[in-house]
file run18.csv (CSV, C-alpha atoms)
chain,number,residue,atom,x,y,z
A,1431,MET,CA,-42.7,10.3,143.3
A,1432,MET,CA,-45.6,12.6,142.3
A,1433,GLN,CA,-49.3,11.7,142.1
A,1434,ILE,CA,-52.0,13.7,140.2
A,1435,GLN,CA,-55.7,13.1,140.0
A,1436,THR,CA,-56.9,13.2,136.4
A,1437,PRO,CA,-60.0,15.1,135.4
A,1438,ALA,CA,-61.7,11.8,134.6
A,1439,GLY,CA,-61.1,10.5,138.2
A,1440,GLY,CA,-58.1,8.3,137.6
A,1441,ARG,CA,-54.6,8.7,139.0
A,1442,LEU,CA,-51.3,9.4,137.4
A,1443,THR,CA,-48.3,8.4,139.5
A,1444,CYS,CA,-44.9,9.7,138.3
A,1445,TYR,CA,-41.5,8.2,139.1
A,1446,PRO,CA,-38.6,10.5,138.3
A,1447,ALA,CA,-35.4,8.9,137.1
A,1448,ALA,CA,-32.1,9.6,138.9
A,1449,GLU,CA,-30.5,13.0,138.5
A,1450,GLY,CA,-28.5,13.2,135.2
A,1451,SER,CA,-30.5,10.5,133.5
A,1452,ARG,CA,-32.5,10.9,130.3
A,1453,LYS,CA,-35.4,13.3,130.5
A,1454,GLU,CA,-37.7,11.2,128.4
A,1455,THR,CA,-40.8,9.7,130.0
A,1456,VAL,CA,-42.5,6.3,129.6
A,1457,LEU,CA,-46.2,6.6,130.3
A,1458,ILE,CA,-47.6,3.2,131.3
A,1459,CYS,CA,-51.1,1.7,131.0
A,1460,PRO,CA,-51.6,-1.5,133.0
A,1461,GLY,CA,-53.9,-4.2,131.7
A,1462,GLY,CA,-56.9,-6.0,133.2
A,1463,GLY,CA,-59.5,-6.4,130.5
A,1464,TYR,CA,-60.7,-2.8,131.1
A,1465,SER,CA,-62.2,-4.2,134.3
A,1466,PHE,CA,-59.3,-3.9,136.8
A,1467,LEU,CA,-55.7,-2.7,136.7
A,1468,SER,CA,-52.9,-5.3,137.1
A,1469,PRO,CA,-50.3,-4.1,139.7
A,1470,ARG,CA,-47.7,-6.3,138.0
A,1471,GLU,CA,-47.9,-4.1,134.9
A,1472,GLY,CA,-47.7,-0.7,136.6
A,1473,LYS,CA,-45.1,0.2,139.2
A,1474,PRO,CA,-42.6,-2.6,138.4
A,1475,ILE,CA,-42.5,-1.5,134.7
A,1476,ALA,CA,-42.0,2.2,135.7
A,1477,GLU,CA,-39.2,1.2,138.1
A,1478,ALA,CA,-37.5,-0.8,135.3
A,1479,PHE,CA,-37.6,2.1,132.9
A,1480,CYS,CA,-36.3,4.4,135.7
A,1481,GLN,CA,-33.3,2.1,136.2
A,1482,ALA,CA,-32.7,2.4,132.5
A,1483,GLY,CA,-32.6,6.2,132.7
A,1484,TYR,CA,-36.1,7.1,131.7
A,1485,HIS,CA,-38.8,8.8,133.8
A,1486,GLY,CA,-41.7,6.5,134.5
A,1487,ALA,CA,-45.4,7.4,134.9
A,1488,VAL,CA,-48.3,5.0,135.5
A,1489,LEU,CA,-51.9,5.8,134.6
A,1490,GLU,CA,-54.5,4.1,136.7
A,1491,TYR,CA,-57.3,5.0,134.3
A,1492,CYS,CA,-60.9,5.4,135.6
A,1493,LEU,CA,-63.0,2.2,135.2
A,1494,GLU,CA,-66.2,3.3,136.9
A,1495,PRO,CA,-68.7,3.7,133.9
A,1496,GLU,CA,-70.3,0.4,132.9
A,1497,VAL,CA,-69.4,1.2,129.3
A,1498,LEU,CA,-66.1,3.1,129.0
A,1499,GLY,CA,-66.2,4.3,125.4
A,1500,THR,CA,-63.6,6.9,124.7
A,1501,GLY,CA,-63.2,7.8,128.3
A,1502,PRO,CA,-59.9,6.0,129.0
A,1503,LEU,CA,-58.5,7.3,125.6
A,1504,LYS,CA,-59.3,10.9,126.5
A,1505,GLU,CA,-57.8,10.4,129.9
A,1506,LEU,CA,-54.6,9.0,128.5
A,1507,ALA,CA,-54.3,11.8,126.1
A,1508,TRP,CA,-54.8,14.3,128.9
A,1509,CYS,CA,-51.9,12.7,130.8
A,1510,LEU,CA,-49.6,12.9,127.8
A,1511,ARG,CA,-50.4,16.6,127.3
A,1512,PHE,CA,-49.9,17.2,131.1
A,1513,LEU,CA,-46.5,15.5,131.1
A,1514,LYS,CA,-45.4,17.5,128.0
A,1515,THR,CA,-46.3,20.8,129.4
A,1516,SER,CA,-46.4,20.7,133.2
A,1517,GLU,CA,-43.9,23.0,135.0
A,1518,THR,CA,-43.8,20.4,137.8
A,1519,TRP,CA,-42.5,17.5,135.7
A,1520,GLN,CA,-38.9,17.1,134.8
A,1521,GLY,CA,-39.8,15.6,131.4
A,1522,LYS,CA,-41.5,18.7,130.2
A,1523,ASN,CA,-41.0,19.3,126.4
A,1524,GLU,CA,-39.2,15.9,126.0
A,1525,LYS,CA,-40.2,12.7,124.3
A,1526,ILE,CA,-43.2,10.7,125.7
A,1527,TRP,CA,-43.3,7.0,125.0
A,1528,VAL,CA,-46.6,5.3,125.8
A,1529,ALA,CA,-46.5,1.7,126.9
A,1530,GLY,CA,-49.4,-0.6,127.5
A,1531,PHE,CA,-50.0,-4.2,128.5
A,1532,SER,CA,-53.0,-6.4,127.3
A,1533,ALA,CA,-56.0,-4.1,127.5
A,1534,GLY,CA,-53.6,-1.3,128.5
A,1535,GLY,CA,-51.9,-2.1,125.2
A,1536,HIS,CA,-55.1,-1.5,123.4
A,1537,LEU,CA,-55.4,1.8,125.2
A,1538,ALA,CA,-51.9,2.8,124.2
A,1539,ALA,CA,-52.4,1.7,120.6
A,1540,SER,CA,-55.6,3.6,120.5
A,1541,LEU,CA,-53.8,6.8,121.2
A,1542,GLY,CA,-51.3,6.0,118.5
A,1543,ALA,CA,-54.0,5.3,116.0
A,1544,LEU,CA,-56.6,8.0,117.0
A,1545,TRP,CA,-54.6,10.9,118.4
A,1546,ASN,CA,-55.8,13.1,115.5
A,1547,ALA,CA,-59.4,11.8,115.3
A,1548,ASP,CA,-61.8,14.7,114.9
A,1549,CYS,CA,-64.6,12.7,116.4
A,1550,ILE,CA,-62.7,12.5,119.7
A,1551,PHE,CA,-60.3,15.4,120.1
A,1552,SER,CA,-60.3,19.1,119.4
A,1553,GLN,CA,-57.8,20.6,117.0
A,1554,GLU,CA,-55.9,22.1,120.0
A,1555,GLU,CA,-55.7,18.7,121.7
A,1556,GLN,CA,-54.6,17.0,118.5
A,1557,ARG,CA,-51.6,19.4,118.2
A,1558,ARG,CA,-50.2,17.9,121.5
A,1559,ASN,CA,-51.7,14.3,121.4
A,1560,ARG,CA,-49.2,12.3,119.4
A,1561,PRO,CA,-46.8,10.1,121.4
A,1562,ASP,CA,-43.2,9.8,120.3
A,1563,GLY,CA,-43.5,6.0,120.2
A,1564,LEU,CA,-45.6,3.0,121.5
A,1565,ILE,CA,-44.5,0.0,123.5
A,1566,LEU,CA,-47.2,-2.7,123.3
A,1567,ALA,CA,-47.0,-5.9,125.3
A,1568,TYR,CA,-49.4,-8.7,124.3
A,1569,PRO,CA,-52.0,-6.0,123.4
A,1570,VAL,CA,-55.7,-6.4,122.7
A,1571,ILE,CA,-56.1,-4.9,119.2
A,1572,CYS,CA,-59.3,-6.5,117.7
A,1573,MET,CA,-62.8,-6.0,118.8
A,1574,ASP,CA,-64.3,-9.1,117.0
A,1575,ASN,CA,-62.8,-12.4,115.7
A,1576,TYR,CA,-59.5,-12.5,117.6
A,1577,GLY,CA,-60.4,-10.0,120.3
A,1578,HIS,CA,-60.7,-10.3,124.1
A,1579,ALA,CA,-64.5,-10.5,124.8
A,1580,ARG,CA,-64.4,-8.8,128.3
A,1581,SER,CA,-62.3,-5.9,127.0
A,1582,ALA,CA,-64.6,-5.4,124.0
A,1583,ALA,CA,-67.7,-5.5,126.2
A,1584,ARG,CA,-66.4,-3.0,128.8
A,1585,LEU,CA,-65.1,-0.6,126.1
A,1586,THR,CA,-68.0,-0.7,123.6
A,1587,GLY,CA,-71.0,-2.2,125.3
A,1588,GLY,CA,-71.5,-4.1,122.1
A,1589,ARG,CA,-72.2,-0.9,120.1
A,1590,GLU,CA,-71.2,-1.4,116.5
A,1591,GLU,CA,-70.0,2.2,116.0
A,1592,GLU,CA,-67.5,1.9,118.8
A,1593,LYS,CA,-66.5,-1.6,117.9
A,1594,GLU,CA,-65.5,-0.3,114.5
A,1595,LEU,CA,-63.7,2.7,116.0
A,1596,PHE,CA,-61.6,0.5,118.4
A,1597,SER,CA,-60.8,-2.3,115.9
A,1598,LEU,CA,-57.4,-0.9,115.5
A,1599,GLU,CA,-56.2,-3.3,112.9
A,1600,LYS,CA,-58.8,-1.6,110.6
A,1601,ARG,CA,-57.7,2.0,111.2
A,1602,ASP,CA,-55.5,4.2,109.0
A,1603,LEU,CA,-52.2,3.9,110.7
A,1604,SER,CA,-50.1,6.0,108.4
A,1605,GLN,CA,-49.8,8.7,111.1
A,1606,CYS,CA,-49.1,6.3,113.9
A,1607,PRO,CA,-45.8,6.8,115.8
A,1608,PRO,CA,-43.1,4.1,115.8
A,1609,VAL,CA,-44.3,0.9,117.5
A,1610,PHE,CA,-42.5,-1.9,119.4
A,1611,ILE,CA,-44.7,-5.0,119.9
A,1612,TRP,CA,-44.2,-8.3,121.6
A,1613,ASN,CA,-46.4,-11.2,122.5
A,1614,THR,CA,-46.3,-15.0,122.7
A,1615,LEU,CA,-47.7,-17.7,120.4
A,1616,GLU,CA,-49.1,-19.6,123.3
A,1617,ASP,CA,-51.1,-16.6,124.8
A,1618,GLU,CA,-54.3,-18.2,126.0
A,1619,LYS,CA,-56.3,-15.0,126.6
A,1620,VAL,CA,-55.3,-12.6,123.8
A,1621,PRO,CA,-54.4,-14.5,120.6
A,1622,ALA,CA,-51.2,-13.6,118.9
A,1623,MET,CA,-53.3,-12.6,115.8
A,1624,ASN,CA,-54.1,-9.3,117.5
A,1625,SER,CA,-50.4,-8.2,117.3
A,1626,ILE,CA,-49.8,-9.9,113.9
A,1627,LEU,CA,-52.7,-8.0,112.3
A,1628,PHE,CA,-51.7,-4.7,113.8
A,1629,ALA,CA,-48.1,-5.2,112.7
A,1630,LYS,CA,-49.3,-6.1,109.2
A,1631,LYS,CA,-51.5,-3.0,109.0
A,1632,LEU,CA,-48.6,-0.8,110.3
A,1633,ALA,CA,-46.4,-2.2,107.5
A,1634,GLU,CA,-49.1,-1.7,104.9
A,1635,ASP,CA,-49.6,1.9,105.9
A,1636,GLY,CA,-45.9,2.7,106.0
A,1637,ALA,CA,-45.6,3.2,109.7
A,1638,SER,CA,-42.5,2.1,111.6
A,1639,CYS,CA,-42.8,-1.2,113.6
A,1640,GLU,CA,-40.6,-3.8,115.4
A,1641,TYR,CA,-42.4,-7.0,116.3
A,1642,HIS,CA,-41.2,-9.9,118.4
A,1643,LEU,CA,-43.3,-13.1,118.7
A,1644,TYR,CA,-42.0,-15.5,121.4
A,1645,HIS,CA,-42.8,-19.2,120.7
A,1646,LYS,CA,-44.0,-19.9,124.3
A,1647,GLY,CA,-45.4,-18.1,127.4
A,1648,LEU,CA,-48.7,-17.4,129.0
A,1649,HIS,CA,-50.6,-14.2,128.9
A,1650,GLY,CA,-49.6,-11.5,131.3
A,1651,MET,CA,-45.8,-12.2,131.7
A,1652,SER,CA,-45.0,-8.5,132.3
A,1653,LEU,CA,-41.2,-8.2,132.8
A,1654,ALA,CA,-41.0,-12.0,133.0
A,1655,THR,CA,-38.7,-11.6,136.0
A,1656,LEU,CA,-38.7,-12.9,139.6
A,1657,GLN,CA,-40.0,-9.4,140.7
A,1658,VAL,CA,-43.4,-10.0,138.9
A,1659,GLU,CA,-43.7,-13.7,139.4
A,1660,SER,CA,-47.3,-14.8,140.2
A,1661,GLU,CA,-47.9,-18.3,141.6
A,1662,ALA,CA,-51.6,-17.8,141.5
A,1663,GLU,CA,-51.5,-17.2,137.7
A,1664,ASN,CA,-48.7,-19.7,137.0
A,1665,LEU,CA,-46.5,-16.9,135.7
A,1666,HIS,CA,-42.8,-17.6,136.4
A,1667,PRO,CA,-39.6,-15.9,135.4
A,1668,ASP,CA,-38.5,-16.7,131.9
A,1669,GLU,CA,-35.1,-15.4,130.8
A,1670,HIS,CA,-35.9,-15.7,127.1
A,1671,ILE,CA,-39.2,-13.7,127.3
A,1672,ALA,CA,-37.5,-11.2,129.6
A,1673,SER,CA,-35.3,-10.3,126.7
A,1674,TRP,CA,-38.1,-8.1,125.4
A,1675,PHE,CA,-37.1,-5.3,127.8
A,1676,SER,CA,-33.5,-5.0,126.6
A,1677,LEU,CA,-34.7,-5.3,123.0
A,1678,CYS,CA,-37.1,-2.5,123.7
A,1679,LEU,CA,-34.5,-0.2,125.1
A,1680,GLN,CA,-32.3,-0.7,122.0
A,1681,TRP,CA,-35.3,0.0,119.8
A,1682,MET,CA,-36.1,3.2,121.8
A,1683,SER,CA,-32.5,4.4,121.4
A,1684,GLU,CA,-32.6,3.8,117.6
A,1685,ALA,CA,-36.1,5.0,117.0
A,1686,GLY,CA,-35.5,8.2,119.1
A,1687,ALA,CA,-32.3,8.9,117.1
A,1688,LYS,CA,-34.1,8.5,113.8
A,1689,ARG,CA,-36.8,11.0,114.9
A,1690,ARG,CA,-34.1,13.5,115.9
A,1691,GLU,CA,-32.6,13.2,112.4
A,1692,GLU,CA,-36.0,13.8,110.8

call {"tool": "encode", "arguments": {"input": "run18.csv", "output": "structure tokens"}}
result
Amino acid sequence: MMQIQTPAGGRLTCYPAAEGSRKETVLICPGGGYSFLSPREGKPIAEAFCQAGYHGAVLEYCLEPEVLGTGPLKELAWCLRFLKTSETWQGKNEKIWVAGFSAGGHLAASLGALWNADCIFSQEEQRRNRPDGLILAYPVICMDNYGHARSAARLTGGREEEKELFSLEKRDLSQCPPVFIWNTLEDEKVPAMNSILFAKKLAEDGASCEYHLYHKGLHGMSLATLQVESEAENLHPDEHIASWFSLCLQWMSEAGAKRREE
């Protein structure tokens, strides 16, 4: 395990896969309404991907400013560039998949949508910013009608310019990397319409997307296994919802193969 302090004051914890495994990395953003970081959506996710042969990395992004703005996005992009180029990381020069849960899903999706935004990144940064794919679990996407009020407030402070920037269902997604999304119809905190509208916009803009909408399940299911069960939040193992992880691994294999062909 390797830990790195980010320039923004967060922490990147890296979990190498076993020797002889794939050298690709899954960079994970936990959720928490941009107010805290859920431990159920960090280390357990990294360990699951390590067991599947991928390196794992968890970004505990800085949450200190009252209004976060583009800070977490710039921090995530820095981590991606670090993992791509660092001599100390076994996944150097290999694929980087960015995964995010809830508000962390918004952060991951923001990098997919805004990696080449001139108003945020320099030309040099843009050349190394694009993830190879996104894995979004019950993500926040919208900043208004269907959005998550606490996430929007912490990220934008109510400023219209930043609400527009981070309303990802309104962005041009034609340059977005391939996306895997899942959520539940019963999600009581982040409505399913967040993912539905994002998947719709990806399809309209010609980007690659696989979307799974489970008919039941509360918000924050994580892996939906015994390992991440939370009695306090009434989150219990669910074999059906847990299938998202094996579906995701199949998608990664196919999406990665397609990119190699291109």

call {"tool": "residues_near_point", "arguments": {"input": "run18.csv", "point": "(-36.6, -9.5, 137.9)", "cutoff": "12 Å", "atoms": "only C-alpha atoms", "output": "JSON, numbers by chain"}}
result
{"A": [1470, 1474, 1475, 1477, 1478, 1651, 1652, 1653, 1654, 1655, 1656, 1657, 1658, 1659, 1666, 1667, 1668, 1669, 1671, 1672, 1673, 1675]}

call {"tool": "closest_residue", "arguments": {"input": "run18.csv", "among": "A:Gln1435, A:Ser1676, A:Ser1683, A:Thr1500", "to": "Pro1608 in chain A", "atoms": "all atoms listed in the file"}}
result
A:Ser1683

call {"tool": "closest_residue", "arguments": {"input": "run18.csv", "among": "A:Gly1462, A:Pro1502, A:Gly1521, A:Gly1486", "to": "Thr1436 in chain A", "atoms": "all atoms listed in the file"}}
result
A:Pro1502

call {"tool": "closest_residue", "arguments": {"input": "run18.csv", "among": "A:Lys1630, A:Arg1589, A:Arg1558, A:His1642", "to": "Trp1612 in chain A", "atoms": "only C-alpha atoms"}}
result
A:His1642

call {"tool": "residues_near_point", "arguments": {"input": "run18.csv", "point": "(-49.1, 7.2, 120.9)", "cutoff": "9 Å", "atoms": "only C-alpha atoms", "output": "CSV table (one decimal) with C-alpha atoms, in the coordinates of the input"}}
result
chain,number,residue,atom,x,y,z
A,1507,ALA,CA,-54.3,11.8,126.1
A,1510,LEU,CA,-49.6,12.9,127.8
A,1526,ILE,CA,-43.2,10.7,125.7
A,1527,TRP,CA,-43.3,7.0,125.0
A,1528,VAL,CA,-46.6,5.3,125.8
A,1529,ALA,CA,-46.5,1.7,126.9
A,1538,ALA,CA,-51.9,2.8,124.2
A,1539,ALA,CA,-52.4,1.7,120.6
A,1540,SER,CA,-55.6,3.6,120.5
A,1541,LEU,CA,-53.8,6.8,121.2
A,1542,GLY,CA,-51.3,6.0,118.5
A,1543,ALA,CA,-54.0,5.3,116.0
A,1544,LEU,CA,-56.6,8.0,117.0
A,1545,TRP,CA,-54.6,10.9,118.4
A,1559,ASN,CA,-51.7,14.3,121.4
A,1560,ARG,CA,-49.2,12.3,119.4
A,1561,PRO,CA,-46.8,10.1,121.4
A,1562,ASP,CA,-43.2,9.8,120.3
A,1563,GLY,CA,-43.5,6.0,120.2
A,1564,LEU,CA,-45.6,3.0,121.5
A,1565,ILE,CA,-44.5,0.0,123.5
A,1606,CYS,CA,-49.1,6.3,113.9
A,1607,PRO,CA,-45.8,6.8,115.8
A,1608,PRO,CA,-43.1,4.1,115.8
A,1609,VAL,CA,-44.3,0.9,117.5

call {"tool": "atom_distance", "arguments": {"input": "run18.csv", "atom1": "CA of Leu1603 in chain A", "atom2": "CA of Lys1631 in chain A"}}
result
7.1 Å

call {"tool": "residues_around", "arguments": {"input": "run18.csv", "residues": "Cys1459 in chain A", "least_positions_apart": "4", "cutoff": "6 Å", "atoms": "all atoms listed in the file", "output": "count of residues only"}}
result
3

call {"tool": "closest_residue", "arguments": {"input": "run18.csv", "among": "A:Ser1465, A:Pro1437, A:Gly1483, A:Asn1523", "to": "Leu1506 in chain A", "atoms": "all atoms listed in the file"}}
result
A:Pro1437

call {"tool": "atom_distance", "arguments": {"input": "run18.csv", "atom1": "CA of Ser1552 in chain A", "atom2": "CA of Phe1512 in chain A"}}
result
15.8 Å

call {"tool": "closest_residue", "arguments": {"input": "run18.csv", "among": "A:Ile1611, A:Ala1583, A:Ala1685, A:Cys1480", "to": "Glu1454 in chain A", "atoms": "all atoms listed in the file"}}
result
A:Cys1480

call {"tool": "closest_residue", "arguments": {"input": "run18.csv", "among": "A:Lys1525, A:Arg1452, A:Lys1600, A:Arg1441", "to": "Cys1509 in chain A", "atoms": "all atoms listed in the file"}}
result
A:Arg1441

call {"tool": "residues_around", "arguments": {"input": "run18.csv", "residues": "range 1567-1580 of chain A", "least_positions_apart": "4", "cutoff": "9 Å", "atoms": "only C-alpha atoms", "output": "PyMOL selection string"}}
result
chain A and resi 1461+1463-1465+1529-1540+1584-1586+1593-1594+1596-1600+1610-1614+1617+1619-1625+1627-1628+1649-1652

call {"tool": "atom_distance", "arguments": {"input": "run18.csv", "atom1": "CA of Thr1518 in chain A", "atom2": "CA of Ser1468 in chain A"}}
result
27.3 Å
